[in-house]
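File shown: coords24.pdb (PDB, C-alpha atoms).
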ATOM      1  CA  MET A   1     -15.775 -12.708  10.868
ATOM      2  CA  TYR A   2     -14.237 -15.261   8.530
ATOM      3  CA  ALA A   3     -11.276 -14.248   6.347
ATOM      4  CA  GLU A   4     -13.373 -14.419   3.173
ATOM      5  CA  GLU A   5     -16.040 -12.121   4.645
ATOM      6  CA  ARG A   6     -13.409  -9.658   5.838
ATOM      7  CA  GLN A   7     -11.754  -9.622   2.428
ATOM      8  CA  GLN A   8     -15.047  -8.972   0.669
ATOM      9  CA  THR A   9     -15.727  -6.095   3.054
ATOM     10  CA  ILE A  10     -12.239  -4.668   2.479
ATOM     11  CA  ALA A  11     -12.751  -4.813  -1.300
ATOM     12  CA  ALA A  12     -16.025  -2.914  -0.917
ATOM     13  CA  LEU A  13     -14.368  -0.275   1.269
ATOM     14  CA  VAL A  14     -11.594   0.267  -1.283
ATOM     15  CA  ALA A  15     -14.149   0.694  -4.061
ATOM     16  CA  ASP A  16     -16.163   3.146  -1.957
ATOM     17  CA  ARG A  17     -13.370   5.229  -0.399
ATOM     18  CA  GLY A  18     -10.800   5.191  -3.188
ATOM     19  CA  ARG A  19      -8.001   4.368  -0.764
ATOM     20  CA  VAL A  20      -7.667   2.508   2.533
ATOM     21  CA  SER A  21      -4.707   2.245   4.875
ATOM     22  CA  VAL A  22      -3.409  -0.919   6.501
ATOM     23  CA  THR A  23      -3.480   0.595   9.992
ATOM     24  CA  ALA A  24      -7.038   1.896   9.622
ATOM     25  CA  LEU A  25      -8.263  -1.497   8.409
ATOM     26  CA  ALA A  26      -6.512  -3.280  11.270
ATOM     27  CA  GLU A  27      -8.273  -1.023  13.772
ATOM     28  CA  GLU A  28     -11.617  -1.324  12.007
ATOM     29  CA  PHE A  29     -11.600  -5.134  11.952
ATOM     30  CA  GLY A  30      -9.706  -5.707  15.202
ATOM     31  CA  VAL A  31      -6.913  -7.696  13.551
ATOM     32  CA  THR A  32      -3.167  -7.250  13.155
ATOM     33  CA  THR A  33      -1.601  -5.263  10.338
ATOM     34  CA  GLU A  34       0.035  -8.496   9.147
ATOM     35  CA  THR A  35      -3.421 -10.046   8.724
ATOM     36  CA  VAL A  36      -4.583  -7.037   6.725
ATOM     37  CA  ARG A  37      -1.528  -7.218   4.465
ATOM     38  CA  ARG A  38      -2.273 -10.889   3.761
ATOM     39  CA  ASP A  39      -5.868  -9.983   2.937
ATOM     40  CA  LEU A  40      -4.709  -7.267   0.555
ATOM     41  CA  ALA A  41      -2.315  -9.668  -1.137
ATOM     42  CA  VAL A  42      -5.174 -12.115  -1.736
ATOM     43  CA  LEU A  43      -7.400  -9.370  -3.129
ATOM     44  CA  GLU A  44      -4.643  -8.037  -5.376
ATOM     45  CA  ARG A  45      -4.034 -11.479  -6.863
ATOM     46  CA  SER A  46      -7.739 -11.710  -7.665
ATOM     47  CA  GLY A  47      -7.618  -8.315  -9.405
ATOM     48  CA  MET A  48      -9.943  -6.584  -6.960
ATOM     49  CA  LEU A  49      -7.507  -3.881  -5.838
ATOM     50  CA  ARG A  50      -3.951  -2.621  -6.144
ATOM     51  CA  ARG A  51      -1.626  -2.506  -3.161
ATOM     52  CA  VAL A  52       0.313   0.712  -2.613
ATOM     53  CA  HIS A  53       2.639   1.815   0.174
ATOM     54  CA  GLY A  54       0.694   1.711   3.428
ATOM     55  CA  GLY A  55      -2.590   0.490   1.986
ATOM     56  CA  ALA A  56      -4.555  -0.208  -1.186
ATOM     57  CA  VAL A  57      -6.408   1.598  -3.978
ATOM     58  CA  PRO A  58      -8.902   0.375  -6.594
ATOM     59  CA  ALA A  59      -7.396  -1.733  -9.372
ATOM     60  CA  GLY A  60      -7.929   1.082 -11.862
ATOM     61  CA  ALA A  61      -6.653   3.915  -9.660
ATOM     62  CA  LEU A  62      -3.220   4.065 -11.278
ATOM     63  CA  THR A  63      -4.094   5.400 -14.691
ATOM     64  CA  TYR A  64      -3.285   7.713 -17.546
ATOM     65  CA  VAL A  65      -6.965   8.156 -18.493
ATOM     66  CA  GLU A  66      -7.993  11.818 -18.344
ATOM     67  CA  THR A  67     -11.544  13.044 -17.791
ATOM     68  CA  ALA A  68     -12.743  15.911 -19.971
ATOM     69  CA  LEU A  69     -13.166  19.250 -18.208
ATOM     70  CA  GLY A  70     -16.886  19.472 -18.929
ATOM     71  CA  GLU A  71     -17.478  16.120 -17.252
ATOM     72  CA  ARG A  72     -15.446  17.158 -14.192
ATOM     73  CA  HIS A  73     -17.432  20.389 -13.816
ATOM     74  CA  GLY A  74     -20.558  18.298 -13.378
ATOM     75  CA  THR A  75     -19.230  16.077 -10.586
ATOM     76  CA  ARG A  76     -18.897  16.821  -6.857
ATOM     77  CA  SER A  77     -19.855  20.443  -7.513
ATOM     78  CA  GLU A  78     -21.000  21.087  -3.939
ATOM     79  CA  GLN A  79     -17.693  19.862  -2.505
ATOM     80  CA  LYS A  80     -15.775  22.032  -4.973
ATOM     81  CA  ARG A  81     -17.839  25.074  -4.036
ATOM     82  CA  LYS A  82     -16.984  24.528  -0.366
ATOM     83  CA  ILE A  83     -13.294  24.055  -1.235
ATOM     84  CA  ALA A  84     -13.289  27.303  -3.209
ATOM     85  CA  THR A  85     -14.945  29.187  -0.360
ATOM     86  CA  ALA A  86     -12.392  27.857   2.135
ATOM     87  CA  ALA A  87      -9.572  28.837  -0.224
ATOM     88  CA  LEU A  88     -10.620  32.491  -0.040
ATOM     89  CA  ASP A  89      -8.818  32.700   3.303
ATOM     90  CA  LEU A  90      -5.570  31.901   1.475
ATOM     91  CA  LEU A  91      -5.795  34.759  -1.021
ATOM     92  CA  PRO A  92      -3.146  37.486  -0.853
ATOM     93  CA  ASP A  93      -4.004  40.928   0.431
ATOM     94  CA  ALA A  94      -5.156  43.741  -1.850
ATOM     95  CA  ASP A  95      -2.797  44.363  -4.783
ATOM     96  CA  GLY A  96      -1.505  40.815  -4.423
ATOM     97  CA  SER A  97      -0.942  38.344  -7.249
ATOM     98  CA  LEU A  98      -1.958  34.757  -7.893
ATOM     99  CA  LEU A  99      -1.805  31.983 -10.457
ATOM    100  CA  LEU A 100      -4.877  29.904 -11.213
ATOM    101  CA  ASP A 101      -4.290  26.479 -12.723
ATOM    102  CA  GLY A 102      -6.879  24.843 -14.939
ATOM    103  CA  GLY A 103      -9.491  22.482 -13.542
ATOM    104  CA  SER A 104     -12.934  22.453 -11.990
ATOM    105  CA  SER A 105     -11.824  23.274  -8.426
ATOM    106  CA  THR A 106      -9.741  26.281  -9.480
ATOM    107  CA  ALA A 107     -12.600  27.404 -11.749
ATOM    108  CA  ALA A 108     -14.846  27.286  -8.684
ATOM    109  CA  LEU A 109     -12.395  29.607  -6.922
ATOM    110  CA  ALA A 110     -12.495  31.996  -9.885
ATOM    111  CA  ASP A 111     -16.281  32.131  -9.479
ATOM    112  CA  VAL A 112     -16.070  33.351  -5.875
ATOM    113  CA  LEU A 113     -13.107  35.755  -5.987
ATOM    114  CA  PRO A 114     -14.036  38.912  -4.046
ATOM    115  CA  GLY A 115     -14.849  41.965  -6.117
ATOM    116  CA  ASP A 116     -13.697  44.453  -3.482
ATOM    117  CA  ARG A 117     -10.020  43.501  -3.551
ATOM    118  CA  ARG A 118      -7.584  44.374  -6.355
ATOM    119  CA  LEU A 119      -5.794  41.216  -7.510
ATOM    120  CA  LEU A 120      -3.533  40.352 -10.402
ATOM    121  CA  VAL A 121      -4.578  36.926 -11.678
ATOM    122  CA  ALA A 122      -2.556  34.959 -14.235
ATOM    123  CA  THR A 123      -3.958  31.769 -15.755
ATOM    124  CA  HIS A 124      -3.401  29.394 -18.670
ATOM    125  CA  SER A 125      -6.999  28.156 -18.491
ATOM    126  CA  VAL A 126      -9.447  29.403 -21.116
ATOM    127  CA  PRO A 127     -12.539  28.739 -18.927
ATOM    128  CA  VAL A 128     -10.959  30.472 -15.913
ATOM    129  CA  ALA A 129      -9.983  33.458 -18.076
ATOM    130  CA  ALA A 130     -13.537  33.670 -19.442
ATOM    131  CA  ARG A 131     -14.918  33.745 -15.895
ATOM    132  CA  LEU A 132     -12.568  36.567 -14.870
ATOM    133  CA  ALA A 133     -12.499  38.685 -18.040
ATOM    134  CA  ALA A 134     -15.040  41.159 -16.660
ATOM    135  CA  ALA A 135     -14.594  40.452 -12.937
ATOM    136  CA  PRO A 136     -14.353  43.632 -10.836
ATOM    137  CA  GLY A 137     -10.989  44.206  -9.194
ATOM    138  CA  VAL A 138      -9.179  41.583 -11.295
ATOM    139  CA  ASP A 139      -6.180  42.497 -13.460
ATOM    140  CA  LEU A 140      -6.262  39.422 -15.712
ATOM    141  CA  HIS A 141      -3.186  38.041 -17.498
ATOM    142  CA  VAL A 142      -3.672  35.097 -19.872
ATOM    143  CA  LEU A 143      -0.683  32.844 -20.543
ATOM    144  CA  GLY A 144      -0.229  31.818 -24.168
ATOM    145  CA  GLY A 145       0.533  28.439 -25.666
ATOM    146  CA  ARG A 146      -1.083  25.473 -27.403
ATOM    147  CA  VAL A 147      -4.527  24.826 -25.946
ATOM    148  CA  ARG A 148      -5.365  21.193 -25.136
ATOM    149  CA  GLY A 149      -8.987  20.473 -25.962
ATOM    150  CA  ILE A 150      -9.576  18.035 -23.112
ATOM    151  CA  THR A 151      -8.538  20.496 -20.392
ATOM    152  CA  GLN A 152      -8.906  23.791 -22.335
ATOM    153  CA  CYS A 153      -5.536  24.923 -20.938
ATOM    154  CA  ALA A 154      -2.470  26.347 -22.675
ATOM    155  CA  VAL A 155       0.587  24.098 -22.491
ATOM    156  CA  GLY A 156       3.995  23.811 -24.117
ATOM    157  CA  ASP A 157       7.336  25.586 -24.150
ATOM    158  CA  ARG A 158       5.843  29.053 -24.543
ATOM    159  CA  THR A 159       3.633  28.641 -21.466
ATOM    160  CA  VAL A 160       6.464  27.259 -19.356
ATOM    161  CA  ALA A 161       8.858  30.009 -20.500
ATOM    162  CA  THR A 162       6.367  32.731 -19.576
ATOM    163  CA  LEU A 163       5.906  31.242 -16.127
ATOM    164  CA  ALA A 164       9.670  31.170 -15.614
ATOM    165  CA  ASP A 165       9.639  34.975 -15.582
ATOM    166  CA  LEU A 166       6.736  35.278 -13.136
ATOM    167  CA  ARG A 167       6.718  35.444  -9.342
ATOM    168  CA  VAL A 168       3.325  35.554  -7.595
ATOM    169  CA  ASP A 169       2.145  35.551  -4.009
ATOM    170  CA  VAL A 170       0.066  32.362  -4.273
ATOM    171  CA  ALA A 171      -0.220  29.622  -6.898
ATOM    172  CA  PHE A 172      -3.489  27.664  -6.785
ATOM    173  CA  LEU A 173      -3.219  24.291  -8.510
ATOM    174  CA  GLY A 174      -5.435  21.322  -9.184
ATOM    175  CA  ALA A 175      -4.403  17.651  -9.139
ATOM    176  CA  ASN A 176      -5.790  14.385 -10.495
ATOM    177  CA  GLY A 177      -4.132  12.209  -7.868
ATOM    178  CA  ILE A 178      -2.588  12.729  -4.431
ATOM    179  CA  THR A 179      -0.663  10.359  -2.174
ATOM    180  CA  PRO A 180       1.699  11.322   0.681
ATOM    181  CA  ASP A 181       4.525   9.118  -0.613
ATOM    182  CA  HIS A 182       4.432   9.689  -4.365
ATOM    183  CA  GLY A 183       3.031  13.208  -4.310
ATOM    184  CA  PHE A 184       0.752  15.022  -6.760
ATOM    185  CA  THR A 185       0.071  13.568 -10.188
ATOM    186  CA  THR A 186      -1.714  14.205 -13.483
ATOM    187  CA  PRO A 187      -2.184  12.073 -16.606
ATOM    188  CA  ASP A 188      -0.385  14.358 -19.111
ATOM    189  CA  GLU A 189       3.287  15.361 -19.265
ATOM    190  CA  ALA A 190       2.574  18.748 -20.886
ATOM    191  CA  GLU A 191       0.124  19.643 -18.123
ATOM    192  CA  ALA A 192       2.621  18.443 -15.525
ATOM    193  CA  ALA A 193       5.337  20.695 -16.975
ATOM    194  CA  VAL A 194       3.090  23.751 -16.626
ATOM    195  CA  LYS A 195       2.149  22.795 -13.075
ATOM    196  CA  ARG A 196       5.835  22.466 -12.145
ATOM    197  CA  ALA A 197       6.478  25.924 -13.587
ATOM    198  CA  MET A 198       3.565  27.319 -11.587
ATOM    199  CA  ILE A 199       4.998  25.817  -8.406
ATOM    200  CA  ARG A 200       8.343  27.507  -9.085
ATOM    201  CA  ALA A 201       6.536  30.814  -9.689
ATOM    202  CA  GLY A 202       4.539  30.789  -6.458
ATOM    203  CA  GLN A 203       5.832  32.009  -3.123
ATOM    204  CA  LYS A 204       3.065  29.876  -1.620
ATOM    205  CA  VAL A 205       1.626  26.778  -3.301
ATOM    206  CA  VAL A 206      -1.945  25.687  -2.606
ATOM    207  CA  VAL A 207      -3.609  22.610  -4.121
ATOM    208  CA  LEU A 208      -7.399  22.508  -4.391
ATOM    209  CA  ALA A 209      -8.669  18.942  -4.717
ATOM    210  CA  ASP A 210     -11.787  17.108  -3.632
ATOM    211  CA  SER A 211     -11.452  13.943  -1.576
ATOM    212  CA  SER A 212     -11.900  11.613  -4.570
ATOM    213  CA  LYS A 213      -8.356  12.568  -5.655
ATOM    214  CA  LEU A 214      -6.760  11.292  -2.441
ATOM    215  CA  GLY A 215      -5.131   7.888  -2.686
ATOM    216  CA  ARG A 216      -4.977   7.974  -6.472
ATOM    217  CA  GLU A 217      -1.854   8.019  -8.614
ATOM    218  CA  HIS A 218      -1.701   9.093 -12.244
ATOM    219  CA  LEU A 219       0.974   8.795 -14.872
ATOM    220  CA  VAL A 220       3.103  11.905 -14.251
ATOM    221  CA  ARG A 221       4.194  13.408 -10.943
ATOM    222  CA  PHE A 222       4.405  17.205 -10.912
ATOM    223  CA  ALA A 223       5.071  17.795  -7.206
ATOM    224  CA  THR A 224       6.251  16.028  -4.090
ATOM    225  CA  SER A 225       4.768  16.704  -0.676
ATOM    226  CA  ALA A 226       7.658  19.092   0.002
ATOM    227  CA  ASP A 227       6.607  21.281  -2.962
ATOM    228  CA  VAL A 228       3.097  22.008  -1.636
ATOM    229  CA  ASP A 229       2.306  24.248   1.323
ATOM    230  CA  VAL A 230      -1.440  23.757   1.693
ATOM    231  CA  LEU A 231      -4.054  21.245   0.512
ATOM    232  CA  VAL A 232      -7.713  22.296   0.605
ATOM    233  CA  THR A 233     -10.116  19.365   0.364
ATOM    234  CA  ASP A 234     -13.606  18.391   1.518
ATOM    235  CA  ALA A 235     -14.954  16.749   4.649
ATOM    236  CA  GLU A 236     -15.396  13.335   2.989
ATOM    237  CA  ALA A 237     -11.628  12.762   3.050
ATOM    238  CA  ALA A 238     -10.551   9.866   5.258
ATOM    239  CA  PRO A 239      -8.930  11.152   8.488
ATOM    240  CA  ALA A 240      -6.078   8.654   8.114
ATOM    241  CA  ASP A 241      -5.238  10.033   4.657
ATOM    242  CA  LEU A 242      -5.264  13.605   5.954
ATOM    243  CA  ALA A 243      -3.053  12.672   8.892
ATOM    244  CA  ARG A 244      -0.463  11.137   6.574
ATOM    245  CA  LEU A 245      -0.442  14.268   4.418
ATOM    246  CA  GLU A 246       0.048  16.425   7.512
ATOM    247  CA  ASP A 247       2.864  14.115   8.619
ATOM    248  CA  ALA A 248       4.454  14.793   5.231
ATOM    249  CA  GLY A 249       4.533  18.511   6.085
ATOM    250  CA  ILE A 250       1.431  19.733   4.235
ATOM    251  CA  GLU A 251      -1.055  22.014   5.959
ATOM    252  CA  VAL A 252      -4.506  20.514   5.371
ATOM    253  CA  VAL A 253      -7.645  22.659   5.271
ATOM    254  CA  VAL A 254     -10.952  20.749   5.333
ATOM    255  CA  ALA A 255     -13.840  22.648   3.815
TER     256      ALA A 255
END
Would you kindly transcribe this structure into structure tokens?
Amino acid sequence: MYAEERQQTIAALVADRGRVSVTALAEEFGVTTETVRRDLAVLERSGMLRRVHGGAVPAGALTYVETALGERHGTRSEQKRKIATAALDLLPDADGSLLLDGGSSTAALADVLPGDRRLLVATHSVPVAARLAAAPGVDLHVLGGRVRGITQCAVGDRTVATLADLRVDVAFLGANGITPDHGFTTPDEAEAAVKRAMIRAGQKVVVLADSSKLGREHLVRFATSADVDVLVTDAEAAPADLARLEDAGIEVVVA
């Protein structure tokens, strides 16, 4: 394969997978990692991708653009259902407590919470609260604050202050972007502040995120790899990405 053909194929793989690693590409094409790095440099100069530590992501992967919640609920719904079902094994025992972050994956978990187990559930998400308001076995606590229209979640000083006084068994969070080196990111600082407070409130921290979030970085980091105990994602995640997350100390559950 000529260099130009290999580079075109690499660009297509980045667009399709969302993230590729240098080592995986070297194995796939039977070339050295130095050759792959030169290819990535050429593609970055042409604007076809963005190099990151250990690999490359699409040119638009590093972003502050935020997708509305309604749009996210309509995408990758089957993967999110599987993630939510797998996350049931991480729930606390009866009479346990949990935090549910806003987002489509955590909303999917709210939809499948068991009705035969008493649980205290605290959330700042209006859609999650609506799902659980009449759920059997759920003692629902809604965190106050200013509600952002795009995510339909309460944010601000009041929300963060309330979380500072809470301590729960498990905190389930969503994320817009995940990389082993930079950590877990989201486009908005106010949302990030609430997520950080949720992490401090949880004895165990679990992130629910479909594979499209892996390899992406957004504007604001809310957690490093050391802050998260478990990541639950779907089977479309690249094995190399999952291995790097496990190397960073995160338990990975593939739904």
task = Specify as an NGL selection string each residue included when the PyMOL selection byres ((chain A and resi 99-113) around 8) is applied to this file.
result = :A and (69 or 72-73 or 80-81 or 83-85 or 87-88 or 97-98 or 114-115 or 121-125 or 127-128 or 131-132 or 151-153 or 168 or 170-174 or 195 or 198 or 202 or 208-210)
Picked residues, the PyMOL selection byres ((chain A and resi 143) around 10), as an MDAnalysis selection string = chainID A and resid 122:126 129 140:142 144:145 153:155 158:163
request  = Provide the CA of Asp169 in chain A to CA of Arg221 in chain A distance in Å, to one decimal place.
outcome  = 23.3 Å
task = With a distance cut-off of 8 Å and only C-alpha atoms, select the neighbouring residues of Leu231 in chain A, excluding the residue or stretch itself and same-chain residues fewer than 6 positions from it, and output the selection as number ranges by chain.
result = A: 206-209, 250-253
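Considering the residues A:Leu49, A:Ala175, A:Ala164, A:Leu91 and counting only C-alpha atoms, Val20 in chain A has its shortest atom-to-atom contact with A:Leu49.
Note that CA of Gly137 in chain A and CA of Leu119 in chain A are 6.2 Å apart.
The spacing separating CA of Asp89 in chain A from CA of Glu217 in chain A amounts to 28.3 Å.
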Need the axis-aligned box for range 14-28 of chain A with 3 Å each side, so what are the centre and edges in Å to one decimal, as lines of an AutoDock Vina configuration file?
center_x = -9.8
center_y = 1.0
center_z = 4.9
size_x = 18.8
size_y = 14.5
size_z = 23.8
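Distances here use only C-alpha atoms; by that measure, the residue among A:Val14, A:Ala255, A:Val22, A:Val194 closest to Arg50 in chain A is A:Val14.
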So that I can see what lies close to Phe29 in chain A, please list as a PDB file with C-alpha atoms, keeping the file's coordinate frame the residues with an atom at most 9 Å from it, counting all atoms listed in the file and leaving out residues fewer than 4 positions away in the same chain.
ATOM      1  CA  MET A   1     -15.775 -12.708  10.868  1.00  0.00           C
ATOM      2  CA  ARG A   6     -13.409  -9.658   5.838  1.00  0.00           C
ATOM      3  CA  ALA A  24      -7.038   1.896   9.622  1.00  0.00           C
ATOM      4  CA  LEU A  25      -8.263  -1.497   8.409  1.00  0.00           C
ATOM      5  CA  VAL A  36      -4.583  -7.037   6.725  1.00  0.00           C
TER       6      VAL A  36
END
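For the residues A:Ile199, A:Ala248, A:Val57, A:Ala240, ranking by smallest atom-to-atom distance to Asp227 in chain A using all atoms listed in the file places A:Ile199 first.
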key: Chain and number of each residue from the PyMOL selection byres ((chain A and resi 178) around 7), as a PyMOL selection string   = chain A and resi 177+179-180+183-185+213-217
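With only C-alpha atoms taken into account, every residue lying no more than 8 Å from the file point (-0.1, 42.8, -4.5) is included here: Pro92, Asp93, Ala94, Asp95, Gly96, Ser97, Arg118, Leu119, Leu120 and Asp169 of chain A.
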task = Pick out the closest residue to His53 in chain A from this set: A:Arg244, A:Ala193, A:Leu13, A:Ser211. Count all atoms listed in the file.
result =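 Under the stated criterion, the closest residue is A:Arg244.
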